[in-house]
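Just below is one structure, and these are the notes that go with it.
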Amino acid sequence: MAKYLILIYGDERQWDAMTPEQQTVHRGAHATFQAAAGSRVLGGYELEHASMATTLRTDGADGVTTTDGPFLETKEAVGGYYLIEVKDLDEALELAAMLPEVHAGHSGVEIRPIVG
Amino acid sequence: MTTDITGVVAEAHRAEWARVFAATAQLTRDLDLAEECAQDAYAQALLTWPQTGIPERPGAWLTTIARNRARDVLRRESNFRRAMPMLVSDEAVPGPEDGLDDDRLRLIFTCCHPALGRDAQVALTLRLVCGLSTAEVARAYLVQEPTMAARITRAKKKIATARIPYRVPAPDQLAERVSAVLEVVHLIFTTGHAAPVGAHLVRRDLTESAIRLARMLHLLMPTDGEITGLLALLLLIEARAETRLSGSGRLLLLSEQDRSRWDTQLIGEGTALLTDALRRQPPTRYAVEAAIAAVHVEARTWEETDWSEIVALYGVLLRLWPSPVVELNRAVAIGFRDGAAAGLDALAPLLADPALATYGYLSAVRADLLRRLGRWAEAAGAYEEALALNDNEVERAFLTERLREVRAR
């Protein structure tokens with residue numbers, strides 16, 4: 001078995017612009033994904049906006065600089081993730097393809113193998 | 001005798017590498033170790049066969065030696081190996097369809113997995129399935145050997161760390177995955193058939209590798225219409241390979257080629273495969289392309305070419321596989337059926353297509369149509385444009401000669 005992190009990327013403004021009906025459909029699709037994946041989902045959450053992020057970096061000396069905002073300023077941000085445990089990449093791809101973000105124009109998912 | 005053995009081993013390498021390597025990889029679940037052991041087996045053959053004679057089934061002999069060697073290494077290094085990422089084998093997975101349980105298929109589906117980029121798929125397929133050396137693959141794609149080595153290493157690492165499974169896809173995914181494999185085979189062939197850059201028009205190492213791959217796939221999956229169609233297409237094009245250049249190395253057009261030298265055996269084989277592929281509905285892209293190639297080889301002379309049939313087939317192809325390149329080819333055929341002016345009309349909508357903006361063949365086709373209409377100045381401009389977009393020396397020589405002709409008028 002192997003663990004993968006499914007990173008959900010998308011345009012936050014488009015997520016915000018969803019109507020209540022679209023949100024219901026969207027949440028339903030995630031529920032369907034979670035039901036299908038069952039115990040293969042080890043964890044997963046929706047994240048607050050990237051603008052709510054706080055980033056720490058070295059200040060070039062001994063200290064740390066704290067900045068308000070995400071590590072990378074991009075149009076598409078990580079909006080959530082799932083940690084899954086499956087047999088191989090094909091199984092991970094099959095599950096991930098069920099996520100509604102895969103089928104919307106502005107978003108997509110990135111599947112990263114976990115070391116170990 | 002020694003040279004004889006060398007030749008036999010070289011032939012066994014061409015014919016059996018995929019089988020030897022794939023069966024060893026199934027055991028080692030480590031592509032690098034499998035490569036080492038398969039190479040050792042061939043080295044062993046060079047030493048042993050002069051004494052013992054050539055075994056009755058060289059492929060089976062080589063596979064046994066390679067797998068024995070792998071078992072030795074695995075036993076010795078088991079602790080070390082356990083820490084390495086391994087190929088995921090296909091235990092407890094819905095098995096492939098009947099008859100598809102073959103290590104060579106596992107290998108090629110793994111090399112052409114959609115999680116690998118196209119360049120990586122092509123490089124891995126040539127290296128691991130066809131058994132070309134890294135230097136040969138690098139030469140075929142005109143990149144430095146370290147660049148190609150890095151590309152292959154990265155791809156192998158991704159197979160292991162991302163756990164791309166070493167198996168034949170499940171039935172519900174098979175058709176899609178076969179298409180991905182065939183795109184790789186087709187790309188290897190077309191790169192070899194008209195090399196985009198370099199001194200040679202044809203790279204035989206690539207066209208031969210592609211045909212061998214298509215033959216292998218057809219042997220293993222004989223009822224797949226798309227595979228049959230692609231093999232038919234490659235054979236019907238390959239049948240003309242010997243006549244594409246003159247004795248002095250000049251590019252010869254279809255109209256100038258010596259048709260008596262076309263390979264009748266390949267034509268017969270390709271036509272029979274095509275008949276089989278066309279019997280399956282709906283026809284695939286490759287089968288229709290093969291049908292177009294068949295119309296060409298069936299014409300005893302250039303003048304006898306059935307251009308109406310070819311234009312109609314390009315129309316069918318456009319519906320199956322819409323592409324500006326197919327539209328361009330259809331315009332060429334219209335130019336031969338109805339005359340150069342009609343060809344130019346058919347070409348007109350393509351001139352603004354951004355997908356063809358740097359496609360040198362578009363300029364070359366336009367130049368030829370203008371030349372046939374006697375519009376010399378415009379033809380010269382189009383030939384200049386085609387030259388600026390072409391890096392193959394043989395094709396450049398041809399275009400330069402034509403440019404000189406139209407400028408002289």
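So you can find residues: chains in the structure tokens are A, B, ... in the order shown, residues in each start at 1, and ligands are numbered from 1 in order.
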For Thr74 in chain A, work out the shell of residues within 12 Å, counting only C-alpha atoms and skipping chain neighbours fewer than 5 positions away, then give it as a list in words.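 Neighbouring residues, sequence-local ones excluded: Tyr9, Gly10, Asp11, Glu12, Ala50, Ser51 and Gly69 of chain A.
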For chain A against chain B, which residues fall within 10 Å using only C-alpha atoms, given as a PyMOL selection string? chain A and resi 1-4+87-93+111-116
Counting only C-alpha atoms, which residues of range 118-227 of chain B sit at most 9 Å from some atom of range 263-277 of chain B, and what is each one's closest atom pair with its distance in Å to one decimal, listed by chain and rising residue number, as a tab-separated table?
```
residue	atom	partner	partner_atom	distance
B:Asp224	CA	B:Ala277	CA	8.4
B:Gly225	CA	B:Ala277	CA	5.1
B:Glu226	CA	B:Ala277	CA	7.3
B:Ile227	CA	B:Ala277	CA	8.5
```
Can you spit out the residues from that selection as a tab-separated table (two decimals), in the first residue's frame, using C-alpha atoms?
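Saved to part30.tsv:
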```
chain	number	residue	atom	x	y	z
B	224	ASP	CA	-7.66	-5.19	-31.45
B	225	GLY	CA	-8.71	-3.27	-34.55
B	226	GLU	CA	-6.72	-0.15	-33.70
B	227	ILE	CA	-3.48	-2.13	-33.40
```
Please give the complete set of residues from chain A that DSSP, run on the backbone, assigns to strand (DSSP E or B), formatted as a VMD selection string. chain A and resid 2 to 11 41 to 46 54 to 58 64 to 68 76 to 86 108 to 113
Kindly export the residues of the current selection with N, CA and C atoms, as a short mmCIF file (atom, residue, chain, number, x, y, z; two decimals), in the first residue's frame.
```
data_model
loop_
_atom_site.label_atom_id
_atom_site.label_comp_id
_atom_site.auth_asym_id
_atom_site.auth_seq_id
_atom_site.Cartn_x
_atom_site.Cartn_y
_atom_site.Cartn_z
N ALA A 2 0.32 2.33 -0.54
CA ALA A 2 1.10 3.56 -0.62
C ALA A 2 0.19 4.74 -0.31
N LYS A 3 0.78 5.77 0.25
CA LYS A 3 0.00 6.96 0.57
C LYS A 3 0.24 8.04 -0.48
N TYR A 4 -0.81 8.77 -0.80
CA TYR A 4 -0.73 9.91 -1.74
C TYR A 4 -1.46 11.09 -1.12
N LEU A 5 -0.96 12.27 -1.41
CA LEU A 5 -1.68 13.49 -1.05
C LEU A 5 -2.33 14.03 -2.31
N ILE A 6 -3.64 14.19 -2.26
CA ILE A 6 -4.35 14.81 -3.38
C ILE A 6 -4.51 16.29 -3.04
N LEU A 7 -3.81 17.14 -3.77
CA LEU A 7 -3.89 18.58 -3.56
C LEU A 7 -4.90 19.15 -4.54
N ILE A 8 -5.89 19.86 -4.01
CA ILE A 8 -6.94 20.41 -4.86
C ILE A 8 -6.63 21.88 -5.14
N TYR A 9 -6.39 22.18 -6.42
CA TYR A 9 -6.06 23.54 -6.83
C TYR A 9 -7.25 24.17 -7.56
N GLY A 10 -7.38 25.49 -7.43
CA GLY A 10 -8.43 26.15 -8.20
C GLY A 10 -8.39 27.66 -8.00
N ASP A 11 -9.27 28.31 -8.73
CA ASP A 11 -9.38 29.77 -8.64
C ASP A 11 -10.38 30.09 -7.52
N VAL A 41 -9.53 6.90 2.55
CA VAL A 41 -9.25 8.30 2.90
C VAL A 41 -8.75 8.35 4.34
N LEU A 42 -7.50 8.80 4.52
CA LEU A 42 -6.94 8.87 5.86
C LEU A 42 -7.25 10.23 6.49
N GLY A 43 -7.52 11.22 5.66
CA GLY A 43 -7.83 12.55 6.20
C GLY A 43 -8.02 13.50 5.04
N GLY A 44 -8.57 14.67 5.35
CA GLY A 44 -8.74 15.64 4.27
C GLY A 44 -9.60 16.79 4.74
N TYR A 45 -9.25 17.98 4.30
CA TYR A 45 -10.00 19.16 4.73
C TYR A 45 -10.04 20.18 3.62
N GLU A 46 -11.08 21.02 3.68
CA GLU A 46 -11.10 22.22 2.87
C GLU A 46 -10.28 23.27 3.63
N THR A 54 -0.21 32.39 6.49
CA THR A 54 0.94 33.10 7.05
C THR A 54 2.18 32.31 6.64
N THR A 55 3.17 33.01 6.13
CA THR A 55 4.35 32.31 5.63
C THR A 55 5.58 32.72 6.43
N LEU A 56 6.36 31.75 6.78
CA LEU A 56 7.61 31.99 7.49
C LEU A 56 8.78 31.67 6.58
N ARG A 57 9.77 32.54 6.57
CA ARG A 57 11.00 32.31 5.81
C ARG A 57 12.16 32.81 6.65
N THR A 58 13.36 32.40 6.23
CA THR A 58 14.52 32.96 6.91
C THR A 58 14.66 34.44 6.57
N VAL A 64 13.76 34.84 11.62
CA VAL A 64 12.68 34.39 10.76
C VAL A 64 11.84 35.60 10.38
N THR A 65 11.44 35.64 9.08
CA THR A 65 10.54 36.70 8.65
C THR A 65 9.14 36.12 8.50
N THR A 66 8.21 36.78 9.06
CA THR A 66 6.82 36.34 8.95
C THR A 66 6.13 37.23 7.93
N THR A 67 5.50 36.60 6.92
CA THR A 67 4.75 37.42 5.95
C THR A 67 3.30 36.98 5.93
N ASP A 68 2.46 37.96 5.60
CA ASP A 68 1.02 37.74 5.53
C ASP A 68 0.68 37.27 4.12
N GLU A 76 -4.27 30.26 -9.13
CA GLU A 76 -4.87 29.06 -8.58
C GLU A 76 -4.17 28.70 -7.27
N ALA A 77 -4.96 28.50 -6.24
CA ALA A 77 -4.38 28.19 -4.93
C ALA A 77 -4.85 26.81 -4.48
N VAL A 78 -4.14 26.25 -3.49
CA VAL A 78 -4.60 25.01 -2.90
C VAL A 78 -5.83 25.33 -2.05
N GLY A 79 -6.91 24.64 -2.35
CA GLY A 79 -8.15 24.91 -1.63
C GLY A 79 -8.53 23.80 -0.68
N GLY A 80 -7.80 22.69 -0.75
CA GLY A 80 -8.11 21.57 0.13
C GLY A 80 -7.26 20.37 -0.25
N TYR A 81 -7.38 19.32 0.54
CA TYR A 81 -6.57 18.13 0.25
C TYR A 81 -7.24 16.88 0.81
N TYR A 82 -6.83 15.77 0.26
CA TYR A 82 -7.14 14.48 0.87
C TYR A 82 -5.84 13.70 1.00
N LEU A 83 -5.69 13.00 2.09
CA LEU A 83 -4.60 12.04 2.23
C LEU A 83 -5.21 10.66 2.06
N ILE A 84 -4.75 9.91 1.05
CA ILE A 84 -5.36 8.59 0.81
C ILE A 84 -4.30 7.49 0.89
N GLU A 85 -4.76 6.30 1.13
CA GLU A 85 -3.86 5.14 1.10
C GLU A 85 -4.46 4.09 0.18
N VAL A 86 -3.71 3.79 -0.90
CA VAL A 86 -4.21 2.86 -1.92
C VAL A 86 -3.07 1.96 -2.36
N GLY A 108 -8.20 21.76 -10.64
CA GLY A 108 -7.65 20.45 -10.94
C GLY A 108 -7.04 19.89 -9.68
N VAL A 109 -6.59 18.65 -9.75
CA VAL A 109 -5.96 18.07 -8.57
C VAL A 109 -4.58 17.55 -8.93
N GLU A 110 -3.68 17.63 -7.96
CA GLU A 110 -2.32 17.13 -8.14
C GLU A 110 -2.13 15.97 -7.16
N ILE A 111 -1.60 14.87 -7.67
CA ILE A 111 -1.46 13.68 -6.82
C ILE A 111 0.01 13.47 -6.51
N ARG A 112 0.37 13.60 -5.25
CA ARG A 112 1.78 13.50 -4.87
C ARG A 112 1.99 12.28 -4.01
N PRO A 113 2.92 11.39 -4.44
CA PRO A 113 3.24 10.25 -3.58
C PRO A 113 3.90 10.73 -2.28
#
```
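The gap separating CA of Arg167 in chain B from CA of Leu217 in chain B is 14.8 Å, in Å to one decimal.
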Given only C-alpha atoms as the counted atoms, nearest of B:Ser255, B:Ser209, B:Thr228, B:Ser260 to Ala290 in chain B: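 Answer, going by the shortest atom-to-atom distance: B:Thr228.
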Exercise: Phe33 in chain A partners within 9 Å, only C-alpha atoms, chain neighbours under 2 positions left out, as a list of chain:residue names: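 Contacts, in chain order: A:Gly28, A:Ala29, A:His30, A:Ala31, A:Ala35, A:Ala36, A:Ala37, A:Gly38, A:Leu95, A:Ala96, A:Met98, A:Leu99, A:Pro100.
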Restricting the output to N, CA and C atoms, write the selected residues as an mmCIF file, in the first residue's frame.
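Now in selection_37.cif:
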```
data_model
loop_
_atom_site.group_PDB
_atom_site.id
_atom_site.type_symbol
_atom_site.label_atom_id
_atom_site.label_comp_id
_atom_site.auth_asym_id
_atom_site.auth_seq_id
_atom_site.Cartn_x
_atom_site.Cartn_y
_atom_site.Cartn_z
ATOM 1 N N GLY A 28 -22.073 17.445 -2.528
ATOM 2 C CA GLY A 28 -22.573 16.091 -2.781
ATOM 3 C C GLY A 28 -21.531 15.240 -3.479
ATOM 4 N N ALA A 29 -20.805 15.845 -4.438
ATOM 5 C CA ALA A 29 -19.776 15.104 -5.169
ATOM 6 C C ALA A 29 -18.653 14.674 -4.223
ATOM 7 N N HIS A 30 -18.311 15.557 -3.273
ATOM 8 C CA HIS A 30 -17.286 15.173 -2.300
ATOM 9 C C HIS A 30 -17.782 14.049 -1.399
ATOM 10 N N ALA A 31 -19.070 14.109 -1.055
ATOM 11 C CA ALA A 31 -19.627 13.034 -0.225
ATOM 12 C C ALA A 31 -19.579 11.715 -0.985
ATOM 13 N N ALA A 35 -17.573 8.450 0.164
ATOM 14 C CA ALA A 35 -18.251 7.165 0.354
ATOM 15 C C ALA A 35 -17.574 6.076 -0.469
ATOM 16 N N ALA A 36 -17.188 6.433 -1.713
ATOM 17 C CA ALA A 36 -16.545 5.448 -2.587
ATOM 18 C C ALA A 36 -15.169 5.081 -2.055
ATOM 19 N N ALA A 37 -14.458 6.072 -1.535
ATOM 20 C CA ALA A 37 -13.095 5.821 -1.068
ATOM 21 C C ALA A 37 -13.084 5.104 0.281
ATOM 22 N N GLY A 38 -14.089 5.362 1.098
ATOM 23 C CA GLY A 38 -14.200 4.674 2.387
ATOM 24 C C GLY A 38 -12.960 4.862 3.235
ATOM 25 N N LEU A 95 -9.653 7.132 -8.093
ATOM 26 C CA LEU A 95 -10.383 7.835 -7.032
ATOM 27 C C LEU A 95 -10.397 9.338 -7.294
ATOM 28 N N ALA A 96 -9.224 9.881 -7.567
ATOM 29 C CA ALA A 96 -9.105 11.336 -7.709
ATOM 30 C C ALA A 96 -9.974 11.858 -8.847
ATOM 31 N N MET A 98 -12.832 11.197 -9.488
ATOM 32 C CA MET A 98 -14.220 11.415 -9.053
ATOM 33 C C MET A 98 -14.430 12.800 -8.461
ATOM 34 N N LEU A 99 -13.348 13.496 -8.117
ATOM 35 C CA LEU A 99 -13.500 14.787 -7.442
ATOM 36 C C LEU A 99 -14.067 15.831 -8.391
ATOM 37 N N PRO A 100 -15.004 16.654 -7.913
ATOM 38 C CA PRO A 100 -15.652 17.620 -8.813
ATOM 39 C C PRO A 100 -14.663 18.645 -9.371
#
```
Need to verify the contact set: Glu385 in chain B, 12 Å, only C-alpha atoms, exclusion of same-chain residues closer than 4 positions in sequence. Can you return it as a count of residues only? 21
Extract, using only C-alpha atoms, all DNA, RNA and protein residues at most 8 Å from Ala214 in chain B, discarding same-chain residues fewer than 2 positions from it, and format them as a PDB file with C-alpha atoms, in the first residue's frame.
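To be explicit, this is the file written out as result21.pdb:
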```pdb
ATOM      1  CA  LEU B 182      -0.180   3.319 -30.205  1.00  0.00           C
ATOM      2  CA  VAL B 185       4.535   3.741 -31.535  1.00  0.00           C
ATOM      3  CA  ALA B 210       8.160   1.097 -34.367  1.00  0.00           C
ATOM      4  CA  ILE B 211       7.276  -1.725 -36.763  1.00  0.00           C
ATOM      5  CA  ARG B 212       8.680  -4.305 -34.369  1.00  0.00           C
ATOM      6  CA  MET B 216       4.557  -7.442 -31.113  1.00  0.00           C
ATOM      7  CA  LEU B 217       1.339  -5.716 -30.050  1.00  0.00           C
ATOM      8  CA  HIS B 218      -0.571  -7.300 -32.923  1.00  0.00           C
ATOM      9  CA  ILE B 227      -3.479  -2.132 -33.397  1.00  0.00           C
ATOM     10  CA  LEU B 230      -1.628   0.875 -37.160  1.00  0.00           C
ATOM     11  CA  LEU B 231       0.463  -2.130 -38.192  1.00  0.00           C
TER      12      LEU B 231
END
```
Every residue of range 51-148 of chain B that DSSP places in alpha helix (DSSP H), as an MDAnalysis selection string: chainID B and resid 51:52 58:76 78:82 103:111 118:124 134:140 145:148
CA of Leu245 in chain B to CA of Glu309 in chain B, straight-line distance in Å: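 It comes out at 26.7 Å.
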Find the distance between CA of Trp302 in chain B and CA of Gly335 in chain B and write it in Å to one decimal.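 One can read the CA of Trp302 in chain B to CA of Gly335 in chain B distance as 14.2 Å.
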Selection near range 44-53 of chain B, 12 Å with only C-alpha atoms, sequence-local residues under 5 positions removed, as a list in words: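 Using only C-alpha atoms, the neighbours found are Met1, Thr2, Thr3, Asp4, Ile5, Thr6, Gly7, Val8, Val9, Ala10, Ala12, His13, Cys37, Ala38, Gln39, Pro58, Gly59, Ala60, Trp61, Leu62, Thr63, Thr64, Ile65, Ala66 and Arg69 of chain B.
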Of the residues B:Arg71, B:His296, B:Arg154, B:Arg19, which is the one nearest to Ile108 in chain B, using only C-alpha atoms?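 Selected residue with least distance to Ile108 in chain B: B:Arg19.
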